[in-house]
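Content type mmCIF, C-alpha atoms, from the file final_2.cif:
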```
data_final
loop_
_atom_site.label_atom_id
_atom_site.label_comp_id
_atom_site.auth_asym_id
_atom_site.auth_seq_id
_atom_site.Cartn_x
_atom_site.Cartn_y
_atom_site.Cartn_z
CA TYR M 1 112.66 133.12 14.24
CA GLN M 2 110.64 136.22 13.25
CA ARG M 3 113.57 138.52 14.03
CA ARG M 4 115.83 136.38 11.86
CA VAL M 5 113.38 136.42 8.96
CA ARG M 6 113.00 140.21 9.20
CA ALA M 7 116.77 140.58 9.23
CA LEU M 8 117.07 138.42 6.14
CA SER M 9 114.24 140.28 4.44
CA SER M 10 115.97 143.63 4.96
CA THR M 11 119.25 142.42 3.45
CA ASP M 12 119.74 143.57 -0.15
CA GLU M 13 122.88 141.57 -0.73
CA GLN M 14 121.10 138.21 -0.99
CA PRO M 15 119.11 137.32 -4.10
CA PRO M 16 115.46 136.21 -3.58
CA SER M 17 116.25 132.54 -4.26
CA GLN M 18 119.00 132.53 -1.64
CA LEU M 19 116.68 134.27 0.82
CA ASP M 20 113.93 131.66 0.28
CA LYS M 21 116.44 128.88 0.76
CA THR M 22 117.72 130.39 4.00
CA VAL M 23 114.20 130.86 5.40
CA SER M 24 113.34 127.28 4.43
CA ASP M 25 116.45 125.99 6.20
CA VAL M 26 115.47 127.86 9.35
CA GLN M 27 111.95 126.39 9.23
CA ASN M 28 113.25 122.87 8.62
CA GLU M 29 115.69 123.21 11.50
CA GLN M 30 112.96 124.33 13.88
CA LEU M 31 110.58 121.64 12.60
CA ASN M 32 113.18 118.93 13.16
CA ARG M 33 113.77 120.27 16.67
CA ILE M 34 110.04 120.07 17.44
CA LEU M 35 109.75 116.52 16.08
CA LYS M 36 112.81 115.39 18.02
CA TYR M 37 111.42 116.85 21.24
CA GLU M 38 108.03 115.19 20.80
CA SER M 39 109.61 111.81 20.05
CA LYS M 40 111.03 111.61 23.58
CA VAL M 41 109.35 110.72 26.87
CA PRO M 42 107.66 113.92 28.14
CA TRP M 43 109.33 113.96 31.54
CA PRO M 44 108.42 117.62 32.24
CA ALA M 45 104.74 116.78 31.78
CA ILE M 46 105.02 113.72 34.03
CA VAL M 47 106.78 115.72 36.74
CA LEU M 48 104.10 118.42 36.49
CA MET M 49 101.35 115.80 36.90
CA LEU M 50 103.09 114.34 39.96
CA PHE M 51 103.49 117.83 41.43
CA SER M 52 99.79 118.58 40.93
CA LEU M 53 98.78 115.32 42.60
CA ALA M 54 101.22 115.94 45.45
CA VAL M 55 99.70 119.38 46.10
CA VAL M 56 96.17 117.96 46.15
CA ALA M 57 97.20 115.03 48.40
CA VAL M 58 99.08 117.20 50.90
CA LEU M 59 96.26 119.72 51.23
CA SER M 60 93.76 116.87 51.60
CA LEU M 61 95.82 115.27 54.38
CA LEU M 62 96.20 118.58 56.18
CA LYS M 63 92.47 119.30 56.19
CA GLY M 64 91.42 115.66 56.68
CA GLY M 65 89.96 114.79 53.29
CA LYS M 66 90.29 111.01 53.70
CA GLY M 67 89.95 110.98 57.48
CA ASP M 68 91.17 112.99 60.45
CA SER M 69 93.52 115.90 59.79
CA LEU M 70 97.20 115.15 60.31
CA VAL M 71 97.68 118.53 62.01
CA GLY M 72 94.42 118.63 63.94
CA VAL M 73 92.48 121.01 61.71
CA VAL M 74 88.87 121.14 62.88
CA ARG M 75 86.21 120.67 60.22
CA CYS M 76 84.59 123.94 59.06
CA SER M 77 87.17 126.03 60.92
CA GLY M 78 89.01 128.90 59.26
CA TRP M 79 92.07 126.84 58.37
CA PHE M 80 89.79 124.09 57.03
CA TRP M 81 88.29 126.42 54.45
CA VAL M 82 91.71 127.82 53.54
CA LEU M 83 92.96 124.30 52.83
CA GLN M 84 89.66 123.32 51.19
CA PHE M 85 89.97 126.00 48.53
CA GLY M 86 93.75 126.16 48.50
CA THR M 87 93.94 123.88 45.47
CA VAL M 88 91.86 126.26 43.34
CA PRO M 89 94.50 128.98 42.76
CA VAL M 90 97.34 126.44 42.44
CA LEU M 91 95.63 124.22 39.91
CA GLY M 92 94.08 127.21 38.18
CA PHE M 93 97.50 128.77 37.70
CA LEU M 94 98.94 125.49 36.39
CA THR M 95 96.02 125.11 33.97
CA PHE M 96 96.54 128.65 32.69
CA CYS M 97 100.29 128.07 32.16
CA ILE M 98 99.74 124.74 30.40
CA ALA M 99 97.06 126.26 28.16
CA ARG M 100 99.37 129.11 27.15
CA TYR M 101 102.19 126.63 26.48
CA LEU M 102 100.02 124.38 24.28
CA MET M 103 98.69 127.30 22.24
CA ALA M 104 102.18 128.75 21.80
CA ARG M 105 103.53 125.35 20.71
CA HIS M 106 100.68 124.97 18.22
CA ALA M 107 101.44 128.43 16.80
CA ALA M 108 105.13 127.51 16.52
CA LYS M 109 104.23 124.36 14.57
CA VAL M 110 102.03 126.31 12.18
CA ALA M 111 104.80 128.88 11.65
CA VAL M 112 107.31 126.26 10.50
CA GLY M 113 104.88 124.40 8.23
CA TYR M 114 104.11 121.46 10.52
CA THR M 115 101.66 119.08 8.83
CA GLU M 116 99.15 117.48 11.17
CA ILE M 117 98.58 113.75 10.93
CA ALA M 118 95.62 111.67 12.01
CA GLY M 119 95.18 111.87 15.77
CA ASP M 120 96.91 115.22 16.31
CA VAL M 121 95.02 117.65 18.53
CA LEU M 122 95.01 121.22 17.26
CA TRP M 123 95.54 123.23 20.43
CA THR M 124 93.55 126.25 19.36
CA ARG M 125 91.95 128.57 21.89
CA GLY M 126 88.60 126.80 21.47
CA ASN M 127 90.00 123.29 21.95
CA VAL M 128 92.02 124.36 24.98
CA ALA M 129 88.90 125.87 26.57
CA LEU M 130 86.87 122.75 25.73
CA VAL M 131 89.41 120.34 27.23
CA SER M 132 89.84 122.50 30.34
CA PHE M 133 86.10 122.64 30.95
CA ALA M 134 85.68 118.91 30.30
CA SER M 135 88.52 118.11 32.71
CA PHE M 136 86.87 120.26 35.38
CA LEU M 137 83.55 118.53 34.72
CA ALA M 138 85.20 115.09 34.87
CA GLY M 139 86.76 115.87 38.24
CA LEU M 140 83.47 117.24 39.57
CA ILE M 141 81.49 114.18 38.49
CA ALA M 142 84.18 111.83 39.79
CA SER M 143 84.03 113.51 43.21
CA LEU M 144 80.22 113.55 43.38
CA ILE M 145 79.32 110.03 42.24
CA GLY M 146 82.65 108.21 42.23
CA ILE M 147 83.08 107.42 38.53
CA GLY M 148 86.44 107.62 36.82
CA GLY M 149 87.37 110.79 34.95
CA GLY M 150 88.24 108.68 31.92
CA MET M 151 84.53 108.10 31.35
CA VAL M 152 84.19 111.80 30.48
CA LEU M 153 87.59 112.45 28.87
CA GLY M 154 87.50 109.31 26.70
CA PRO M 155 84.51 110.34 24.57
CA LEU M 156 85.83 113.91 24.45
CA MET M 157 89.19 112.81 23.02
CA LEU M 158 87.43 110.69 20.42
CA GLU M 159 85.38 113.75 19.46
CA LEU M 160 88.66 115.67 19.02
CA LYS M 161 89.75 112.99 16.50
CA VAL M 162 92.38 111.51 18.83
CA LEU M 163 93.32 107.97 17.80
CA PRO M 164 91.36 105.33 19.76
CA GLU M 165 94.50 103.60 21.05
CA VAL M 166 95.87 106.97 22.23
CA THR M 167 92.56 107.69 23.95
CA GLN M 168 92.76 104.37 25.75
CA ALA M 169 96.35 105.03 26.84
CA VAL M 170 95.60 108.54 28.10
CA SER M 171 92.58 107.31 30.09
CA SER M 172 94.69 104.57 31.68
CA VAL M 173 97.45 107.01 32.63
CA THR M 174 94.89 109.40 34.12
CA VAL M 175 93.39 106.65 36.26
CA LEU M 176 96.89 105.55 37.34
CA PHE M 177 97.95 108.99 38.55
CA THR M 178 94.68 109.79 40.34
CA GLY M 179 94.71 106.33 41.91
CA ILE M 180 98.24 106.87 43.21
CA SER M 181 97.13 110.08 44.92
CA SER M 182 94.20 108.40 46.69
CA VAL M 183 96.17 105.31 47.70
CA ALA M 184 98.99 107.43 49.09
CA GLN M 185 96.56 109.30 51.35
CA PHE M 186 94.99 106.10 52.68
CA LEU M 187 98.43 104.57 53.25
CA ILE M 188 99.62 107.57 55.27
CA LEU M 189 96.44 107.49 57.37
CA GLY M 190 96.76 103.71 57.86
CA LYS M 191 93.30 102.96 56.49
CA VAL M 192 94.19 100.41 53.82
CA PRO M 193 92.64 96.93 54.39
CA TRP M 194 95.65 94.98 53.15
CA ASP M 195 93.87 91.68 52.48
CA TYR M 196 91.09 93.26 50.46
CA GLY M 197 93.39 95.86 48.90
CA LEU M 198 96.00 93.30 47.79
CA LEU M 199 93.31 91.08 46.26
CA MET M 200 91.81 93.96 44.28
CA PHE M 201 95.28 95.14 43.22
CA LEU M 202 96.24 91.74 41.80
CA PHE M 203 92.86 91.35 40.13
CA GLY M 204 93.13 94.84 38.62
CA VAL M 205 96.63 94.23 37.25
CA PHE M 206 95.60 90.87 35.77
CA SER M 207 92.41 92.18 34.17
CA SER M 208 94.26 95.23 32.78
CA LEU M 209 96.90 93.04 31.14
CA VAL M 210 94.26 90.73 29.69
CA GLY M 211 92.22 93.63 28.36
CA MET M 212 95.23 95.46 26.91
CA LYS M 213 96.79 92.40 25.24
CA GLY M 214 93.45 90.98 24.11
CA LEU M 215 92.18 94.20 22.60
CA GLY M 216 95.55 94.89 21.00
CA TYR M 217 95.53 91.43 19.42
CA LEU M 218 92.02 91.90 18.02
CA VAL M 219 92.84 95.35 16.62
CA LYS M 220 95.94 94.01 14.84
CA LYS M 221 94.21 90.86 13.61
CA TYR M 222 91.15 92.54 12.12
CA ASN M 223 92.74 95.97 11.53
CA LYS M 224 89.75 97.62 13.20
CA LYS M 225 90.65 100.51 15.46
CA SER M 226 86.93 101.02 16.00
CA LEU M 227 87.07 98.08 18.43
CA VAL M 228 88.71 100.43 20.93
CA ILE M 229 85.80 102.86 20.55
CA PHE M 230 83.29 100.06 21.10
CA ALA M 231 85.21 98.88 24.17
CA ILE M 232 85.16 102.37 25.67
CA ALA M 233 81.43 102.73 24.91
CA ILE M 234 80.64 99.36 26.50
CA ILE M 235 82.66 100.14 29.63
CA VAL M 236 81.05 103.56 30.04
CA GLY M 237 77.57 102.12 29.47
CA LEU M 238 78.06 99.26 31.93
CA SER M 239 79.52 101.59 34.55
CA ILE M 240 76.52 103.92 34.36
CA LEU M 241 74.09 100.99 34.43
CA LEU M 242 75.76 99.34 37.44
CA LEU M 243 75.93 102.69 39.23
CA VAL M 244 72.17 103.17 38.81
CA VAL M 245 71.42 99.57 39.83
CA ALA M 246 73.59 99.84 42.95
CA GLY M 247 71.90 103.10 43.93
CA VAL M 248 68.40 101.69 43.45
CA LEU M 249 69.23 98.56 45.48
CA GLU M 250 70.67 100.66 48.31
CA ILE M 251 67.58 102.89 48.40
CA ALA M 252 65.28 99.84 48.34
CA ALA M 253 67.21 98.23 51.20
CA SER M 254 67.02 101.44 53.25
CA VAL M 255 63.26 101.72 52.72
CA ALA M 256 62.69 98.06 53.52
CA SER M 257 64.65 98.30 56.79
CA GLY M 258 62.92 101.52 57.79
CA ASN M 259 66.24 103.38 57.89
CA SER M 260 65.62 106.53 55.89
CA ASP M 261 68.70 108.39 57.14
CA LYS M 262 70.65 107.45 54.02
CA LEU M 263 68.01 109.18 51.89
CA ASN M 264 68.45 112.51 53.62
CA PHE M 265 71.12 115.14 53.06
CA LYS M 266 73.64 115.34 55.88
CA PRO M 267 75.01 118.64 57.18
CA PHE M 268 78.44 119.38 55.77
CA CYS M 269 79.88 120.51 59.08
#
```
Any chance you could put this one into structure tokens?
Amino acid sequence: YQRRVRALSSTDEQPPSQLDKTVSDVQNEQLNRILKYESKVPWPAIVLMLFSLAVVAVLSLLKGGKGDSLVGVVRCSGWFWVLQFGTVPVLGFLTFCIARYLMARHAAKVAVGYTEIAGDVLWTRGNVALVSFASFLAGLIASLIGIGGGMVLGPLMLELKVLPEVTQAVSSVTVLFTGISSVAQFLILGKVPWDYGLLMFLFGVFSSLVGMKGLGYLVKKYNKKSLVIFAIAIIVGLSILLLVVAGVLEIAASVASGNSDKLNFKPFC
């Protein structure tokens, strides 16, 4: 685009009005191309997410993340540590490429006069760094205490002025993809309790449909998108409260039974 504009600018045969019209046509053409691309299902992004989860799942199975290693890797051996940190360069490289892509796409939108609407995320360098750090923090917290990453990313997206319904959808998709990765590992290792797992699966699908349809109905009826924000806040608050209550009850039960092993740190190896 810049080369074409410079070529047009250096041409003396076209009058200024014709030059402006040609540049405007080029911008409109590129803008329409961007809008058409974003109106479609982002299959490249979905494939990239599946690839990332596949890499994490395979490395976890090889080193024995959800149980014994499929290839007999001994815990704390050399190959164990290679597989343990093998995801860092892969996911780091993917994060870097995605960040560069988002910033370049944002710059391309600005160059053709793209007008942001409510809910658009401006992928500036600062926002990209913020989202990357928050995603890392969400994964770290989810691994340490078992909460969903959506509890961290949901409030962040609302802070970035993302529409509440979009925030809800992104959180749901995130949970879906991470859940698929974990379930796949347990299935391969044969550690899924089918009676309990099937019951929780059906209950989860039913409650998700009720929550999605019910909240959607209330938002349309009262025209209050803030209901989505309140729902997210209530879920996050209840999750934190129940997590604390469960931890306190477990500690109290351990103390009452005289079994203090659960209160001590266990050696990693």
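With all atoms listed in the file as the atoms that count, the minimum distance from Val219 (chain M) to the choices M:Ile240, M:Gly179, M:Pro164, M:Ala108 is reached by M:Pro164.
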| request: Identify, on the basis of only C-alpha atoms, every residue whose closest approach to region 93-105 of chain M does not exceed 8 Å; exclude the query and any residue fewer than 4 positions from it along the same chain; express the result as a list in words. | output: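 Here the qualifying residues turn out to be Pro89, Lys109, Trp123, Thr124, Arg125, Val128 and Ser132 of chain M.
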Please, which residues in region 120-233 of chain M fall within 9 Å of region 36-57 of chain M when counting all atoms listed in the file, and what is the closest atom pair and distance in Å to one decimal for each, ordered by chain then residue number, as CSV?
```
residue,atom,partner,partner_atom,distance
M:Phe177,CA,M:Leu50,CA,7.6
M:Thr178,CA,M:Leu53,CA,7.2
M:Ile180,CA,M:Leu53,CA,8.5
M:Ser181,CA,M:Leu53,CA,6.0
M:Ser182,CA,M:Ala57,CA,7.5
M:Ala184,CA,M:Ala57,CA,7.8
M:Gln185,CA,M:Ala57,CA,6.5
```
| request: Between CA of Ser60 (chain M) and CA of Phe80 (chain M), measure the distance and give it in Å to one decimal. | output: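 Computing it gives 9.9 Å between the two atoms.
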| query | What is the CA of Trp81 (chain M) to CA of Ser69 (chain M) distance in Å? | reply |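 Atom-to-atom, CA of Trp81 (chain M) and CA of Ser69 (chain M) are spaced 12.9 Å apart.
The smallest atom-to-atom distance between Ile34 (chain M) and any of M:Met212, M:Leu160, M:Leu153, M:Val110, using all atoms listed in the file, is found for M:Val110.
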